$ cat target-v4.cif   # mmCIF, C-alpha atoms
data_target
loop_
_atom_site.label_atom_id
_atom_site.label_comp_id
_atom_site.auth_asym_id
_atom_site.auth_seq_id
_atom_site.Cartn_x
_atom_site.Cartn_y
_atom_site.Cartn_z
CA MET H 16 6.13 -174.99 139.27
CA MET H 17 7.51 -171.98 137.45
CA ARG H 18 7.71 -168.72 139.26
CA ARG H 19 6.99 -165.23 138.10
CA ARG H 20 9.91 -163.17 139.28
CA THR H 21 9.02 -160.28 141.54
CA THR H 22 12.41 -158.77 140.79
CA LEU H 23 13.83 -159.83 137.47
CA LEU H 24 17.33 -158.40 137.60
CA THR H 25 19.77 -158.08 140.48
CA GLY H 26 20.09 -154.80 142.27
CA CYS H 27 16.44 -153.79 141.85
CA THR H 28 16.59 -151.38 144.75
CA ALA H 29 14.65 -148.35 143.64
CA LEU H 30 11.10 -149.01 144.66
CA ALA H 31 9.27 -150.79 147.42
CA LEU H 32 5.81 -150.20 148.78
CA ALA H 33 3.80 -151.04 151.81
CA LEU H 34 0.30 -152.41 151.38
CA GLY H 35 -1.69 -151.73 154.50
CA ALA H 36 -3.07 -149.16 156.83
CA THR H 37 -1.30 -146.51 158.83
CA ALA H 38 2.26 -147.06 159.94
CA CYS H 39 2.88 -147.83 163.58
CA GLY H 40 4.29 -145.17 165.81
CA GLY H 41 7.52 -145.98 167.60
CA GLY H 42 7.13 -149.35 169.27
CA GLY H 43 10.15 -151.26 170.48
CA PRO H 44 11.58 -154.39 168.86
CA VAL H 45 9.54 -157.57 169.23
CA SER H 46 11.49 -160.52 170.55
CA ALA H 47 11.71 -163.72 168.50
CA GLY H 48 12.84 -166.42 170.85
CA GLY H 49 14.08 -163.97 173.45
CA GLY H 50 16.91 -161.48 173.51
CA ASP H 51 18.98 -163.82 175.68
CA LYS H 52 20.33 -165.76 172.68
CA ALA H 53 17.91 -168.58 173.53
CA LEU H 54 18.68 -170.36 170.26
CA SER H 55 22.48 -170.32 170.51
CA GLY H 56 24.07 -173.37 168.90
CA GLN H 57 21.06 -174.08 166.69
CA THR H 58 20.95 -173.69 162.90
CA VAL H 59 17.88 -172.86 160.81
CA ASN H 60 18.02 -174.05 157.20
CA VAL H 61 16.07 -171.77 154.85
CA ALA H 62 15.29 -172.34 151.15
CA GLY H 63 13.89 -169.84 148.65
CA VAL H 64 14.01 -168.68 145.04
CA TRP H 65 16.11 -165.61 145.72
CA SER H 66 19.58 -165.08 144.30
CA GLY H 67 21.79 -162.05 143.64
CA SER H 68 20.83 -158.87 145.45
CA GLU H 69 17.59 -160.37 146.78
CA GLN H 70 19.51 -163.17 148.49
CA LYS H 71 22.08 -160.71 149.89
CA ASN H 72 19.35 -158.47 151.30
CA PHE H 73 17.41 -161.37 152.80
CA GLN H 74 20.67 -162.51 154.40
CA LYS H 75 20.73 -159.16 156.24
CA VAL H 76 17.35 -160.08 157.73
CA LEU H 77 18.63 -163.53 158.70
CA ASP H 78 21.74 -161.94 160.25
CA ALA H 79 19.49 -159.68 162.33
CA PHE H 80 17.63 -162.79 163.52
CA THR H 81 20.98 -164.34 164.49
CA ALA H 82 21.98 -161.22 166.42
CA LYS H 83 18.69 -161.36 168.32
CA THR H 84 18.43 -165.09 169.07
CA GLY H 85 21.88 -166.63 168.61
CA ALA H 86 20.59 -169.08 165.98
CA LYS H 87 22.71 -169.51 162.88
CA THR H 88 21.06 -169.64 159.48
CA GLN H 89 21.87 -171.36 156.21
CA PHE H 90 20.12 -170.14 153.03
CA THR H 91 19.83 -172.30 149.88
CA SER H 92 18.66 -170.81 146.58
CA THR H 93 16.28 -173.26 144.88
CA GLY H 94 15.88 -171.47 141.56
CA ASP H 95 12.34 -171.16 140.21
CA ASN H 96 11.35 -174.82 140.61
CA VAL H 97 10.69 -174.66 144.33
CA SER H 98 8.23 -177.53 144.68
CA THR H 99 10.49 -180.03 142.87
CA VAL H 100 13.61 -179.02 144.80
CA VAL H 101 11.87 -179.05 148.19
CA GLY H 102 10.10 -182.34 147.40
CA SER H 103 13.38 -184.05 146.54
CA LYS H 104 15.00 -182.69 149.72
CA ILE H 105 12.15 -184.09 151.82
CA GLU H 106 12.42 -187.49 150.10
CA GLY H 107 16.18 -187.47 150.68
CA GLY H 108 15.76 -186.77 154.41
CA ASN H 109 17.30 -183.34 154.05
CA ALA H 110 14.27 -181.04 154.35
CA PRO H 111 14.90 -177.36 155.09
CA ASP H 112 13.24 -175.90 158.19
CA VAL H 113 11.75 -172.85 156.42
CA VAL H 114 10.83 -172.30 152.78
CA MET H 115 9.99 -168.97 151.15
CA VAL H 116 7.15 -170.01 148.82
CA PRO H 117 6.53 -167.77 145.77
CA GLN H 118 3.02 -168.78 144.71
CA VAL H 119 -0.31 -169.39 146.44
CA GLY H 120 -0.69 -172.58 144.40
CA VAL H 121 2.63 -173.97 145.72
CA LEU H 122 1.73 -173.13 149.32
CA GLN H 123 -1.59 -174.98 148.90
CA GLN H 124 0.20 -177.94 147.30
CA PHE H 125 2.67 -178.18 150.21
CA ALA H 126 -0.14 -177.98 152.80
CA GLN H 127 -2.24 -180.60 151.02
CA LYS H 128 0.74 -182.97 150.95
CA GLY H 129 1.01 -182.61 154.72
CA TRP H 130 4.45 -181.02 154.58
CA LEU H 131 3.70 -177.87 156.62
CA LYS H 132 3.31 -176.92 160.26
CA PRO H 133 0.58 -174.39 161.07
CA LEU H 134 1.93 -171.06 162.28
CA SER H 135 2.42 -170.68 166.03
CA PRO H 136 -0.12 -168.61 168.03
CA THR H 137 2.56 -165.91 168.39
CA ALA H 138 3.09 -165.64 164.63
CA GLU H 139 -0.66 -165.77 163.93
CA LYS H 140 -1.27 -162.99 166.45
CA SER H 141 1.28 -160.81 164.62
CA VAL H 142 -0.44 -161.53 161.29
CA ASP H 143 -3.84 -160.62 162.74
CA ALA H 144 -2.47 -157.36 164.13
CA GLY H 145 -0.23 -156.33 161.24
CA TYR H 146 -1.78 -157.55 157.99
CA ALA H 147 -4.97 -156.94 156.05
CA SER H 148 -7.03 -160.13 156.35
CA VAL H 149 -6.63 -160.91 152.65
CA TRP H 150 -2.97 -161.83 153.30
CA LYS H 151 -4.06 -164.29 155.99
CA LYS H 152 -6.50 -165.80 153.51
CA TYR H 153 -3.74 -166.33 150.92
CA GLY H 154 -1.55 -167.95 153.60
CA SER H 155 -4.26 -170.33 154.82
CA VAL H 156 -5.45 -173.74 153.63
CA ASP H 157 -8.65 -175.34 155.00
CA GLY H 158 -8.88 -172.70 157.73
CA LYS H 159 -5.32 -173.17 159.04
CA LEU H 160 -2.65 -170.47 158.66
CA TYR H 161 0.55 -171.92 157.18
CA GLY H 162 2.17 -169.00 155.33
CA LEU H 163 3.47 -165.61 156.41
CA TYR H 164 3.79 -163.13 153.52
CA PHE H 165 7.11 -161.43 154.13
CA LYS H 166 7.89 -159.90 150.72
CA ALA H 167 5.37 -158.69 148.15
CA ALA H 168 5.37 -157.23 144.66
CA HIS H 169 2.97 -154.58 143.41
CA LYS H 170 1.72 -155.17 139.88
CA SER H 171 -0.56 -152.19 139.31
CA THR H 172 1.96 -149.55 138.27
CA VAL H 173 2.37 -147.95 134.82
CA TRP H 174 5.89 -146.56 134.37
CA TYR H 175 6.61 -143.61 132.13
CA SER H 176 9.24 -141.18 130.95
CA PRO H 177 8.30 -137.77 132.43
CA GLY H 178 10.06 -136.11 129.48
CA ALA H 179 7.95 -138.01 126.96
CA LEU H 180 4.67 -137.13 128.67
CA ASP H 181 5.74 -133.50 129.14
CA GLN H 182 6.65 -133.20 125.47
CA ALA H 183 3.20 -134.50 124.54
CA GLY H 184 1.51 -132.23 127.08
CA VAL H 185 -0.02 -135.26 128.81
CA LYS H 186 -0.78 -135.71 132.52
CA PRO H 187 -0.90 -139.18 134.13
CA PRO H 188 -4.42 -140.54 133.43
CA THR H 189 -6.84 -141.96 135.98
CA THR H 190 -9.06 -144.06 133.68
CA TYR H 191 -8.22 -146.73 131.11
CA ASP H 192 -9.91 -144.83 128.28
CA ALA H 193 -8.03 -141.67 129.24
CA MET H 194 -4.80 -143.71 129.21
CA LEU H 195 -5.43 -144.86 125.63
CA LYS H 196 -6.33 -141.29 124.63
CA ALA H 197 -3.13 -140.00 126.27
CA GLY H 198 -1.28 -142.74 124.40
CA HIS H 199 -2.50 -141.37 121.07
CA THR H 200 -1.30 -137.90 122.07
CA VAL H 201 2.12 -139.34 122.96
CA SER H 202 2.33 -141.20 119.64
CA ASP H 203 1.34 -138.00 117.77
CA SER H 204 4.36 -136.32 119.37
CA GLY H 205 6.76 -138.89 117.86
CA LEU H 206 7.08 -141.82 120.29
CA ALA H 207 4.91 -144.91 120.47
CA ALA H 208 2.71 -144.88 123.56
CA PHE H 209 3.46 -148.31 125.05
CA SER H 210 6.22 -150.84 125.06
CA VAL H 211 4.65 -154.31 125.51
CA ALA H 212 6.67 -157.39 126.55
CA GLY H 213 4.68 -159.93 124.56
CA GLN H 214 7.53 -162.44 124.39
CA ASP H 215 7.02 -163.04 128.11
CA GLY H 216 3.45 -164.35 128.36
CA TRP H 217 3.26 -163.56 132.08
CA THR H 218 3.25 -159.81 131.39
CA LEU H 219 0.09 -160.28 129.30
CA THR H 220 -1.63 -162.12 132.16
CA ASP H 221 -0.84 -159.11 134.37
CA TRP H 222 -2.43 -156.74 131.83
CA PHE H 223 -5.57 -158.91 131.79
CA GLU H 224 -5.72 -159.24 135.59
CA ASN H 225 -5.62 -155.49 136.22
CA ILE H 226 -8.35 -154.84 133.67
CA TYR H 227 -10.49 -157.71 134.96
CA LEU H 228 -10.16 -156.79 138.65
CA SER H 229 -11.20 -153.18 137.99
CA GLN H 230 -13.91 -153.90 135.42
CA ALA H 231 -15.50 -157.08 136.84
CA GLY H 232 -14.74 -156.49 140.55
CA PRO H 233 -13.03 -158.52 143.28
CA GLU H 234 -15.78 -161.14 143.75
CA LYS H 235 -15.69 -162.25 140.11
CA TYR H 236 -11.87 -162.03 140.17
CA ASP H 237 -11.83 -164.49 143.10
CA ALA H 238 -14.31 -166.80 141.37
CA LEU H 239 -12.30 -166.83 138.13
CA ALA H 240 -9.04 -167.37 140.03
CA ALA H 241 -10.57 -170.47 141.69
CA HIS H 242 -12.16 -171.56 138.38
CA LYS H 243 -15.59 -171.34 139.99
CA LEU H 244 -16.42 -168.97 137.12
CA LYS H 245 -15.76 -170.15 133.58
CA TRP H 246 -13.46 -168.23 131.27
CA THR H 247 -16.34 -168.13 128.78
CA ASP H 248 -18.23 -165.80 131.16
CA ALA H 249 -19.33 -162.51 129.58
CA SER H 250 -17.12 -160.58 132.04
CA VAL H 251 -14.00 -162.33 130.66
CA VAL H 252 -15.01 -161.67 127.05
CA LYS H 253 -15.57 -158.00 127.95
CA ALA H 254 -12.17 -157.68 129.64
CA LEU H 255 -10.44 -159.30 126.66
CA GLY H 256 -12.20 -156.81 124.40
CA THR H 257 -10.96 -153.95 126.58
CA LEU H 258 -7.40 -155.29 126.40
CA GLY H 259 -7.81 -155.85 122.67
CA LYS H 260 -8.47 -152.12 122.17
CA LEU H 261 -4.85 -151.56 123.07
CA PHE H 262 -3.42 -154.62 121.33
CA LYS H 263 -4.97 -153.90 117.93
CA ASP H 264 -4.06 -150.21 117.86
CA LYS H 265 -0.77 -149.97 115.96
CA GLN H 266 -0.36 -146.33 117.03
CA LEU H 267 -0.20 -147.39 120.66
CA ILE H 268 2.31 -150.28 120.66
CA ALA H 269 5.99 -149.77 119.84
CA GLY H 270 6.69 -151.71 116.64
CA GLY H 271 3.15 -153.09 116.53
CA GLN H 272 2.06 -156.57 117.57
CA LYS H 273 4.88 -158.41 115.81
CA GLU H 274 7.62 -156.48 117.59
CA ALA H 275 5.77 -156.75 120.91
CA LEU H 276 5.79 -160.54 120.54
CA ASN H 277 9.59 -160.39 120.10
CA THR H 278 10.15 -158.12 123.13
CA ASP H 279 10.94 -159.65 126.54
CA PHE H 280 10.40 -157.87 129.86
CA PRO H 281 13.86 -156.23 130.21
CA GLY H 282 13.62 -155.21 126.53
CA SER H 283 10.25 -153.55 127.17
CA VAL H 284 11.81 -151.42 129.90
CA GLU H 285 14.72 -150.55 127.60
CA LYS H 286 12.31 -149.25 124.93
CA VAL H 287 11.17 -146.57 127.41
CA PHE H 288 14.22 -145.94 129.60
CA GLY H 289 17.14 -147.10 127.46
CA PRO H 290 19.53 -144.95 125.39
CA LYS H 291 17.22 -144.92 122.33
CA PRO H 292 13.64 -144.58 123.60
CA GLU H 293 10.90 -145.96 121.35
CA ALA H 294 7.91 -145.55 123.69
CA GLY H 295 6.70 -143.27 126.47
CA MET H 296 5.18 -145.86 128.83
CA VAL H 297 5.57 -149.47 129.94
CA TYR H 298 3.17 -151.34 132.19
CA GLU H 299 4.54 -153.77 134.76
CA GLY H 300 5.16 -154.07 138.48
CA ASP H 301 7.27 -152.10 140.92
CA PHE H 302 10.34 -154.05 139.75
CA VAL H 303 10.44 -151.92 136.56
CA ALA H 304 12.13 -149.27 138.69
CA GLY H 305 15.11 -151.50 139.45
CA VAL H 306 15.73 -152.21 135.76
CA ALA H 307 15.38 -148.54 134.81
CA LYS H 308 17.79 -147.52 137.57
CA ASP H 309 20.37 -150.31 137.52
CA GLN H 310 20.46 -151.11 133.81
CA PHE H 311 19.86 -147.69 132.29
CA GLY H 312 20.98 -145.23 134.97
CA ARG H 313 17.60 -143.56 135.40
CA THR H 314 16.87 -141.56 138.54
CA ILE H 315 13.57 -142.80 139.95
CA GLY H 316 11.18 -139.92 140.52
CA LYS H 317 13.01 -137.73 138.01
CA ASP H 318 13.78 -139.70 134.80
CA ALA H 319 11.35 -142.53 135.53
CA ASP H 320 8.05 -142.33 137.37
CA PHE H 321 4.76 -144.22 137.56
CA PHE H 322 1.04 -143.74 137.88
CA PRO H 323 -1.36 -146.33 139.34
CA PHE H 324 -2.96 -148.67 136.80
CA PRO H 325 -6.10 -146.69 135.99
CA ALA H 326 -9.71 -147.60 136.71
CA VAL H 327 -11.68 -149.36 133.97
CA ASP H 328 -15.32 -148.59 133.13
CA GLY H 329 -16.08 -146.85 136.39
CA GLY H 330 -14.63 -149.60 138.59
CA LYS H 331 -12.05 -149.06 141.33
CA ALA H 332 -8.38 -148.73 140.38
CA PRO H 333 -6.97 -152.27 140.74
CA VAL H 334 -4.30 -153.42 143.20
CA VAL H 335 -2.80 -156.72 142.03
CA SER H 336 0.05 -158.15 144.08
CA GLY H 337 2.34 -161.14 144.30
CA GLY H 338 4.59 -162.32 147.07
CA ASP H 339 6.74 -164.81 148.94
CA ALA H 340 5.32 -166.57 152.00
CA ALA H 341 7.48 -168.14 154.71
CA VAL H 342 6.37 -171.64 155.74
CA VAL H 343 7.76 -174.17 158.24
CA LEU H 344 8.28 -177.79 157.12
CA LYS H 345 7.33 -180.62 159.49
CA ASP H 346 10.30 -182.70 158.35
CA GLY H 347 12.91 -180.01 159.00
CA LYS H 348 15.60 -180.98 161.51
CA ASN H 349 15.01 -177.81 163.52
CA SER H 350 11.44 -176.76 162.81
CA LYS H 351 11.01 -175.30 166.32
CA ALA H 352 13.76 -172.78 165.66
CA GLY H 353 12.28 -172.35 162.18
CA MET H 354 9.00 -171.23 163.77
CA LYS H 355 10.93 -168.70 165.86
CA LEU H 356 12.29 -167.30 162.58
CA LEU H 357 8.73 -166.91 161.28
CA GLU H 358 7.74 -165.14 164.49
CA TYR H 359 10.59 -162.71 163.80
CA LEU H 360 9.69 -162.27 160.12
CA ALA H 361 6.16 -161.30 161.20
CA THR H 362 7.50 -158.19 162.97
CA PRO H 363 7.94 -154.72 161.46
CA GLU H 364 11.49 -154.86 162.85
CA ALA H 365 12.40 -157.65 160.40
CA ALA H 366 10.70 -155.93 157.45
CA ALA H 367 12.58 -152.71 158.21
CA VAL H 368 15.94 -154.43 157.67
CA TRP H 369 15.17 -155.18 154.00
CA ALA H 370 13.16 -151.98 153.48
CA LYS H 371 16.30 -149.97 154.32
CA ALA H 372 18.33 -152.06 151.86
CA GLY H 373 15.83 -151.43 149.03
CA GLY H 374 14.13 -153.61 146.43
CA PHE H 375 11.50 -154.71 148.91
CA LEU H 376 7.79 -154.38 149.60
CA SER H 377 6.16 -155.45 152.85
CA PRO H 378 2.46 -156.17 153.32
CA ASN H 379 2.95 -155.52 157.07
CA LYS H 380 1.01 -152.34 157.80
CA LYS H 381 2.96 -151.82 161.03
CA LEU H 382 6.14 -151.11 159.08
CA ASP H 383 6.75 -147.36 159.32
CA PHE H 384 6.84 -145.83 155.81
CA GLY H 385 9.88 -143.85 156.94
CA GLU H 386 11.93 -147.04 156.81
CA TYR H 387 11.79 -146.96 153.00
CA GLY H 388 14.64 -145.12 151.35
CA ASP H 389 13.08 -142.71 148.83
CA ASP H 390 10.15 -140.41 148.17
CA VAL H 391 8.72 -142.47 145.30
CA THR H 392 8.50 -145.50 147.58
CA ARG H 393 6.76 -143.55 150.30
CA ALA H 394 4.37 -141.91 147.84
CA THR H 395 3.53 -145.31 146.37
CA ALA H 396 3.02 -146.83 149.80
CA LYS H 397 0.68 -144.04 150.83
CA SER H 398 -1.32 -144.29 147.60
CA LEU H 399 -1.93 -147.96 148.42
CA VAL H 400 -2.75 -147.58 152.11
CA GLY H 401 -6.46 -147.66 151.36
CA ALA H 402 -6.20 -150.90 149.37
CA GLY H 403 -6.59 -153.11 152.47
CA ASP H 404 -8.64 -156.19 151.65
CA SER H 405 -9.22 -155.10 148.05
CA VAL H 406 -5.69 -156.29 147.22
CA ARG H 407 -5.80 -159.39 145.06
CA PHE H 408 -2.99 -161.88 144.50
CA ASP H 409 -1.83 -162.38 140.93
CA MET H 410 -4.47 -164.66 139.37
CA SER H 411 -2.16 -166.77 137.23
CA ASP H 412 0.02 -167.44 140.30
CA GLN H 413 -3.06 -168.93 141.98
CA ALA H 414 -3.70 -171.29 139.05
CA PRO H 415 -2.18 -174.73 138.39
CA ALA H 416 1.17 -174.25 136.67
CA ALA H 417 -0.04 -175.96 133.49
CA PHE H 418 -2.50 -173.10 132.99
CA GLY H 419 -1.02 -170.04 134.71
CA GLY H 420 2.72 -170.57 134.84
CA THR H 421 4.18 -172.46 131.89
CA LYS H 422 5.99 -170.92 128.94
CA GLY H 423 4.39 -171.77 125.60
CA ALA H 424 1.25 -173.24 127.16
CA GLY H 425 -2.04 -172.32 128.83
CA GLU H 426 -2.86 -168.72 129.59
CA TRP H 427 0.60 -167.41 128.65
CA LYS H 428 0.44 -168.80 125.11
CA LEU H 429 -3.25 -168.02 124.53
CA LEU H 430 -2.79 -164.37 125.49
CA GLN H 431 0.22 -164.20 123.16
CA ASP H 432 -2.04 -165.57 120.42
CA PHE H 433 -4.60 -162.90 121.37
CA LEU H 434 -1.94 -160.17 121.10
CA ARG H 435 -1.12 -161.49 117.62
CA ASP H 436 -4.83 -161.44 116.65
CA PRO H 437 -7.18 -159.66 119.10
CA SER H 438 -10.16 -159.73 116.74
CA ASN H 439 -12.19 -162.45 118.47
CA PRO H 440 -12.31 -162.17 122.31
CA LYS H 441 -15.08 -164.81 122.48
CA ARG H 442 -12.90 -167.39 120.72
CA THR H 443 -9.95 -166.63 123.01
CA ALA H 444 -12.20 -166.95 126.08
CA ALA H 445 -13.33 -170.41 124.88
CA GLN H 446 -9.71 -171.49 124.36
CA LEU H 447 -8.79 -170.23 127.84
CA GLU H 448 -11.69 -172.19 129.34
CA ASP H 449 -10.60 -175.40 127.57
CA ALA H 450 -7.06 -175.03 128.89
CA ALA H 451 -8.21 -174.08 132.41
CA ALA H 452 -10.66 -177.00 132.64
CA LYS H 453 -7.87 -179.49 131.85
CA ALA H 454 -5.37 -177.90 134.25
CA TYR H 455 -7.73 -177.57 137.22
CA LYS H 456 -8.90 -181.19 136.83
CA GLY H 457 -5.29 -182.35 136.77
#

$ encode --input "target-v4.cif" --output "structure tokens"
Amino acid sequence: MMRRRTTLLTGCTALALALGATACGGGGPVSAGGGDKALSGQTVNVAGVWSGSEQKNFQKVLDAFTAKTGAKTQFTSTGDNVSTVVGSKIEGGNAPDVVMVPQVGVLQQFAQKGWLKPLSPTAEKSVDAGYASVWKKYGSVDGKLYGLYFKAAHKSTVWYSPGALDQAGVKPPTTYDAMLKAGHTVSDSGLAAFSVAGQDGWTLTDWFENIYLSQAGPEKYDALAAHKLKWTDASVVKALGTLGKLFKDKQLIAGGQKEALNTDFPGSVEKVFGPKPEAGMVYEGDFVAGVAKDQFGRTIGKDADFFPFPAVDGGKAPVVSGGDAAVVLKDGKNSKAGMKLLEYLATPEAAAVWAKAGGFLSPNKKLDFGEYGDDVTRATAKSLVGAGDSVRFDMSDQAPAAFGGTKGAGEWKLLQDFLRDPSNPKRTAAQLEDAAAKAYKG
């Protein structure tokens, strides 16, 4: 199962955001297994996709758990193929106690195979108190809560060069049509409007998902994500047409469609924030900030800023997210201590450790926004406070990997084909339905 990275390069520390309601006031630390070092002498084995700065920052959270409970921890980076690695460890009698699962589809797969323990009443109580109910839904299978969403990504942010927009006399738009109009004004001033990372098919799925969620609404989004609605539905054809307005407009895309198809995600950020800018804006998630800051020395909030992905056709502005859920494996050698770790991860205290380090987003609404390290983060968090249950998990991450998560196949490839030739949304919708029908049956 391939994984869409929530942070693509190490050191992505510039932006994090909290999805949820008001921050809690004060409140002392919540014990996980007792402050009396109740777990001394025990070791919790944890597996997850993180490496580089993400792994280092998560280790700070694990170290805080050790300081509180006395339990040691051992983290293993699985790389992107989590389900294969974890499956082989279980078969070899070496299952980890806790896994950080990066996709809803993988969590469901693990639960259906009988690998997971339901969350303890203590952990579930923390989820009920601290999370919008949509996060509980994404962590549950057949009515049982198995996954705690500890880290999230926000995929409804359009990043821009303030200098480029100022030069064009453009303000951040609030509707999709206004965004395309602003794009023409930017291109008239000498820069292309958008840099598009068409070489990475997952970025195109994110474009589609934001348009579809805003234009068609959350109910149809959920139905399409579960393949209860066919991709040939008129709402899909309409959303593809809306996306096609951008794709076919050579004034709006840096280098046109051909160059977009040869541009990967880091390259798309470079075209806006690198030493030789070619475009004024790039759409992608909060992790754009880390690339702009760490790779190209941009100061977030000054040289690089964002506006929320704008509303489409009178709908609500979309909030698409992704994330990593902590689960406890039945076959782990120390799953009881593993559950204590989950009880800790469910607290705002644990989230604050990584929030201070940067490059982190927590869906826990009890995390005080003041724990985040910069004004852009806090502003972003506050702009998303009202999202609540309207947040939707990345649609392609909910799909079987053959459709929503495989390079050169399924949705990734078909949307690349659509970028190459956006003239027939109905044909593309039919191709998407064919691919989805096969993948969901499998």

$ closest_residue --input "target-v4.cif" --among "H:Ala452, H:Leu134, H:Ala62, H:Ala319" --to "Met354 of chain H" --atoms "only C-alpha atoms"
H:Leu134

$ resolve_selection --input "target-v4.cif" --expression "the PyMOL selection byres ((chain H and resi 369) around 12)" --output "ChimeraX atom specification"
/H:28,30-32,68-79,165-167,360,363-368,370-377,382,386-388

$ atom_distance --input "target-v4.cif" --atom1 "atom CA of Asp328 of chain H" --atom2 "atom CA of Ser171 of chain H"
16.4 Å

$ atom_distance --input "target-v4.cif" --atom1 "atom CA of Leu447 of chain H" --atom2 "atom CA of Val121 of chain H"
21.5 Å

$ residues_around --input "target-v4.cif" --residues "Asn277 of chain H" --least-positions-apart "3" --cutoff "9 Å" --atoms "only C-alpha atoms" --output "ChimeraX atom specification"
/H:212-215,272-274

$ axis_aligned_box --input "target-v4.cif" --around "segment 234-241 of chain H" --padding-each-side "8 Å" --output "AutoDock Vina command-line options"
--center_x -12.4 --center_y -165.8 --center_z 140.9 --size_x 22.7 --size_y 25.3 --size_z 21.6

$ atom_distance --input "target-v4.cif" --atom1 "atom CA of Phe324 of chain H" --atom2 "atom CA of Thr172 of chain H"
5.2 Å

$ resolve_selection --input "target-v4.cif" --expression "the PyMOL selection byres ((chain H and resi 247-263) around 9)" --output "MDAnalysis selection string"
chainID H and resid 191 195 222:224 226:227 230:231 235 239 244:246 264:268 271:272 327 433:448

$ closest_residue --input "target-v4.cif" --among "H:Ala332, H:Gly289, H:Pro188, H:Tyr236" --to "Gly312 of chain H" --atoms "all atoms listed in the file"
H:Gly289

$ closest_residue --input "target-v4.cif" --among "H:Ala340, H:Thr200, H:Gly216, H:Pro333" --to "Gln182 of chain H" --atoms "all atoms listed in the file"
H:Thr200

$ closest_atom_pairs --input "target-v4.cif" --of "segment 399-448 of chain H" --to "segment 105-120 of chain H" --cutoff "8 Å" --atoms "all atoms listed in the file" --output "tab-separated table"
residue	atom	partner	partner_atom	distance
H:Asp412	CA	H:Gln118	CA	5.5
H:Gln413	CA	H:Gly120	CA	5.0
H:Ala414	CA	H:Gly120	CA	6.3
H:Pro415	CA	H:Gly120	CA	6.6

$ residues_near_point --input "target-v4.cif" --point "(4.8, -142.5, 128.4)" --cutoff "9 Å" --atoms "only C-alpha atoms" --output "PDB file with C-alpha atoms, in the frame of the given file"
ATOM      1  CA  VAL H 173       2.370-147.950 134.820  1.00  0.00           C
ATOM      2  CA  TRP H 174       5.890-146.560 134.370  1.00  0.00           C
ATOM      3  CA  TYR H 175       6.610-143.610 132.130  1.00  0.00           C
ATOM      4  CA  SER H 176       9.240-141.180 130.950  1.00  0.00           C
ATOM      5  CA  PRO H 177       8.300-137.770 132.430  1.00  0.00           C
ATOM      6  CA  GLY H 178      10.060-136.110 129.480  1.00  0.00           C
ATOM      7  CA  ALA H 179       7.950-138.010 126.960  1.00  0.00           C
ATOM      8  CA  LEU H 180       4.670-137.130 128.670  1.00  0.00           C
ATOM      9  CA  VAL H 185      -0.020-135.260 128.810  1.00  0.00           C
ATOM     10  CA  PRO H 187      -0.900-139.180 134.130  1.00  0.00           C
ATOM     11  CA  ALA H 197      -3.130-140.000 126.270  1.00  0.00           C
ATOM     12  CA  GLY H 198      -1.280-142.740 124.400  1.00  0.00           C
ATOM     13  CA  VAL H 201       2.120-139.340 122.960  1.00  0.00           C
ATOM     14  CA  LEU H 206       7.080-141.820 120.290  1.00  0.00           C
ATOM     15  CA  ALA H 207       4.910-144.910 120.470  1.00  0.00           C
ATOM     16  CA  ALA H 208       2.710-144.880 123.560  1.00  0.00           C
ATOM     17  CA  PHE H 209       3.460-148.310 125.050  1.00  0.00           C
ATOM     18  CA  VAL H 287      11.170-146.570 127.410  1.00  0.00           C
ATOM     19  CA  ALA H 294       7.910-145.550 123.690  1.00  0.00           C
ATOM     20  CA  GLY H 295       6.700-143.270 126.470  1.00  0.00           C
ATOM     21  CA  MET H 296       5.180-145.860 128.830  1.00  0.00           C
ATOM     22  CA  VAL H 297       5.570-149.470 129.940  1.00  0.00           C
TER      23      VAL H 297
END

$ residues_around --input "target-v4.cif" --residues "Gln57 of chain H" --least-positions-apart "5" --cutoff "8 Å" --atoms "all atoms listed in the file" --output "list in words"
Gly85, Ala86, Lys87, Asn349 and Ala352 of chain H

$ residues_near_point --input "target-v4.cif" --point "(3.5, -173.9, 159.2)" --cutoff "12 Å" --atoms "all atoms listed in the file" --output "PyMOL selection string"
chain H and resi 112-116+122-123+125-126+129-136+138-139+154-156+159-163+340-347+350-351+353-358

$ resolve_selection --input "target-v4.cif" --expression "the PyMOL selection byres ((chain H and resi 143-146) around 6)" --output "list in words"
Lys140, Ser141, Val142, Ala147, Asn379, Lys380 and Lys381 of chain H
